Amino acid sequence: ASVKAWREYFINGDVFMFDPFFIKSQTVTEEELQNLNITTIRGNQLSREDLERAATHGPFDIIIDDASHNNDGVMLSLAVLLKSLSPGGVYIVEDLSCVMDRGKRLGDVNAWLDGDDVDGSITDIIYHQPEHNIKTECINHLRETGKWISMLLTEEEKQYIEQNLIYIDVEAHHNMLLFYKRGNITFDSPETVKNLSL
């Protein structure tokens with residue numbers, strides 16, 4: 001339902017929602033969102049093919065990952081969708097505390113996919129896999145070595161992240177990350193860039 005708030009906030013923007021639409025308790029329907037002029041894209045965050053299909057709707061100025069809150073989904077989405085982010089655009093990952101929690105209990109998360117909350121419209125379920133934590137491992141490693149680490153991404157995907165992130169804000173909010181893509185971008189304070197840029 002949060003995408004409805006973005007529709008109200010970005011009154012002149014094009015708003016897209018990528019979602020599997022397979023949770024029984026979900027009260028907002030695709031039809032309702034489409035009637036609000038929100039383009040819905042049905043897909044799975046763990047599918048590169050689905051993410052690549054979503055990326056064809058870009059370029060995007062802002063991407064907000066408010067999806068599975070699992071390390072592997074966050075990682076795959078960043079790798080695929082960063083390419084469709086406009087130069088100077090911002091990529092936001094929400095709810096890092098949930099990502100941390102779910103990363104420690106993948107068995108429970110995957111069991112939920114086989115449970116009664118999922119409506120059965122997805123016949124080929126993709127289960128979550130172990131992956132580095134994007135905040136506590138990947139960003140620290142990138143700042144120390146200039147290299148992005150991942151168990152799931154290709155070398156090409158990791159190199160794209162290394163070469164195209166200009167700024168990572170881990171301070172703006174304790175529970176989210178803001179990535180900025182290389183491009184024509186300015187910051188209010190040179191001191192901010194000094195403290196937080198790559």
# chains A, B, ... in the order shown; residues from 1 in each chain; ligands from 1
>>> residues_around(residues="A:His69", least_positions_apart="6", cutoff="8 Å", atoms="only C-alpha atoms", output="PyMOL selection string")
chain A and resi 94-96+98-99+102
>>> write_last_selection(atoms="C-alpha atoms", output="PDB file, in the first residue's frame")
ATOM      1  CA  GLU A  94      14.657   0.264   3.139  1.00  0.00           C
ATOM      2  CA  ASP A  95      14.290  -1.661   6.389  1.00  0.00           C
ATOM      3  CA  LEU A  96      17.860  -2.813   7.020  1.00  0.00           C
ATOM      4  CA  CYS A  98      14.555  -6.614   8.817  1.00  0.00           C
ATOM      5  CA  VAL A  99      17.223  -7.557   6.259  1.00  0.00           C
ATOM      6  CA  ARG A 102      15.905 -12.416   7.984  1.00  0.00           C
TER       7      ARG A 102
END
>>> residues_around(residues="stretch 125-141 of chain A", least_positions_apart="2", cutoff="7 Å", atoms="only C-alpha atoms", output="PyMOL selection string")
chain A and resi 46+71-72+106+110+122-123+143-145+147-151
>>> write_last_selection(atoms="N, CA, C and O atoms", output="PDB file, in the first residue's frame")
ATOM      1  N   LEU A  46      13.883 -12.294  -6.835  1.00  0.00           N
ATOM      2  CA  LEU A  46      14.982 -13.255  -6.935  1.00  0.00           C
ATOM      3  C   LEU A  46      15.198 -13.752  -8.355  1.00  0.00           C
ATOM      4  O   LEU A  46      16.029 -14.631  -8.584  1.00  0.00           O
ATOM      5  N   ASN A  71      18.881 -10.406   2.079  1.00  0.00           N
ATOM      6  CA  ASN A  71      20.142  -9.994   1.475  1.00  0.00           C
ATOM      7  C   ASN A  71      20.255 -10.368  -0.001  1.00  0.00           C
ATOM      8  O   ASN A  71      20.732  -9.579  -0.810  1.00  0.00           O
ATOM      9  N   ASP A  72      19.815 -11.581  -0.353  1.00  0.00           N
ATOM     10  CA  ASP A  72      19.965 -11.994  -1.754  1.00  0.00           C
ATOM     11  C   ASP A  72      19.081 -11.172  -2.681  1.00  0.00           C
ATOM     12  O   ASP A  72      19.510 -10.751  -3.762  1.00  0.00           O
ATOM     13  N   LEU A 106      17.073 -17.833   7.367  1.00  0.00           N
ATOM     14  CA  LEU A 106      16.596 -18.132   6.019  1.00  0.00           C
ATOM     15  C   LEU A 106      15.676 -19.341   5.978  1.00  0.00           C
ATOM     16  O   LEU A 106      14.769 -19.404   5.153  1.00  0.00           O
ATOM     17  N   ASN A 110      12.133 -19.200   4.055  1.00  0.00           N
ATOM     18  CA  ASN A 110      11.793 -20.106   2.955  1.00  0.00           C
ATOM     19  C   ASN A 110      10.591 -20.993   3.301  1.00  0.00           C
ATOM     20  O   ASN A 110       9.783 -21.308   2.426  1.00  0.00           O
ATOM     21  N   ILE A 122       2.148 -18.534  -7.873  1.00  0.00           N
ATOM     22  CA  ILE A 122       3.523 -18.735  -8.321  1.00  0.00           C
ATOM     23  C   ILE A 122       3.806 -20.229  -8.244  1.00  0.00           C
ATOM     24  O   ILE A 122       3.843 -20.818  -7.172  1.00  0.00           O
ATOM     25  N   THR A 123       3.977 -20.841  -9.389  1.00  0.00           N
ATOM     26  CA  THR A 123       4.175 -22.292  -9.414  1.00  0.00           C
ATOM     27  C   THR A 123       5.637 -22.680  -9.282  1.00  0.00           C
ATOM     28  O   THR A 123       5.956 -23.796  -8.904  1.00  0.00           O
ATOM     29  N   ARG A 143      34.591   0.177   0.623  1.00  0.00           N
ATOM     30  CA  ARG A 143      35.358   1.344   1.064  1.00  0.00           C
ATOM     31  C   ARG A 143      36.810   0.988   1.387  1.00  0.00           C
ATOM     32  O   ARG A 143      37.707   1.785   1.183  1.00  0.00           O
ATOM     33  N   GLU A 144      37.024  -0.219   1.878  1.00  0.00           N
ATOM     34  CA  GLU A 144      38.390  -0.627   2.233  1.00  0.00           C
ATOM     35  C   GLU A 144      39.210  -1.064   1.031  1.00  0.00           C
ATOM     36  O   GLU A 144      40.419  -0.833   0.983  1.00  0.00           O
ATOM     37  N   THR A 145      38.553  -1.700   0.059  1.00  0.00           N
ATOM     38  CA  THR A 145      39.295  -2.330  -1.045  1.00  0.00           C
ATOM     39  C   THR A 145      38.939  -1.792  -2.427  1.00  0.00           C
ATOM     40  O   THR A 145      39.663  -2.062  -3.390  1.00  0.00           O
ATOM     41  N   LYS A 147      36.385  -2.925  -3.925  1.00  0.00           N
ATOM     42  CA  LYS A 147      35.741  -4.087  -4.555  1.00  0.00           C
ATOM     43  C   LYS A 147      34.423  -4.407  -3.864  1.00  0.00           C
ATOM     44  O   LYS A 147      34.294  -4.297  -2.644  1.00  0.00           O
ATOM     45  N   TRP A 148      33.446  -4.809  -4.663  1.00  0.00           N
ATOM     46  CA  TRP A 148      32.143  -5.221  -4.148  1.00  0.00           C
ATOM     47  C   TRP A 148      32.169  -6.727  -3.960  1.00  0.00           C
ATOM     48  O   TRP A 148      32.625  -7.455  -4.832  1.00  0.00           O
ATOM     49  N   ILE A 149      31.686  -7.212  -2.819  1.00  0.00           N
ATOM     50  CA  ILE A 149      31.656  -8.653  -2.583  1.00  0.00           C
ATOM     51  C   ILE A 149      30.227  -9.173  -2.678  1.00  0.00           C
ATOM     52  O   ILE A 149      29.277  -8.499  -2.299  1.00  0.00           O
ATOM     53  N   SER A 150      30.102 -10.379  -3.209  1.00  0.00           N
ATOM     54  CA  SER A 150      28.805 -11.033  -3.318  1.00  0.00           C
ATOM     55  C   SER A 150      29.018 -12.501  -3.653  1.00  0.00           C
ATOM     56  O   SER A 150      29.936 -12.848  -4.395  1.00  0.00           O
ATOM     57  N   MET A 151      28.159 -13.341  -3.117  1.00  0.00           N
ATOM     58  CA  MET A 151      28.179 -14.762  -3.447  1.00  0.00           C
ATOM     59  C   MET A 151      27.322 -15.059  -4.671  1.00  0.00           C
ATOM     60  O   MET A 151      27.437 -16.133  -5.263  1.00  0.00           O
TER      61      MET A 151
END
>>> closest_residue(among="A:Ser121, A:Ile92, A:Leu153, A:Ile63", to="A:Ile168", atoms="only C-alpha atoms")
A:Ile92
>>> atom_distance(atom1="atom CA of A:Ala111", atom2="atom CA of A:Asn44")
16.8 Å
>>> closest_residue(among="A:Ile41, A:Leu165, A:Val118, A:Val109", to="A:Ser25", atoms="only C-alpha atoms")
A:Val118
>>> select_by_dssp(residues="stretch 2-54 of chain A", states="strand (DSSP E or B)", output="list of chain:residue names")
A:Val15, A:Phe16, A:Met17, A:Phe18, A:Asp19, A:Ile23, A:Ile38, A:Thr39, A:Thr40, A:Ile41, A:Arg42
>>> closest_residue(among="A:Gly89, A:Val74, A:Asp117, A:Leu82", to="A:Gln159", atoms="only C-alpha atoms")
A:Leu82
>>> closest_residue(among="A:Phe179, A:Gly43, A:Ile23, A:Leu81", to="A:Asp114", atoms="only C-alpha atoms")
A:Ile23
>>> residues_around(residues="stretch 51-53 of chain A", least_positions_apart="2", cutoff="10 Å", atoms="only C-alpha atoms", output="VMD selection string")
chain A and resid 18 41 to 49 55 to 58 76 to 81 83 to 84
>>> atom_distance(atom1="atom CA of A:Pro20", atom2="atom CA of A:Asn35")
18.4 Å
>>> atom_distance(atom1="atom CA of A:Gly107", atom2="atom CA of A:Asn70")
12.1 Å
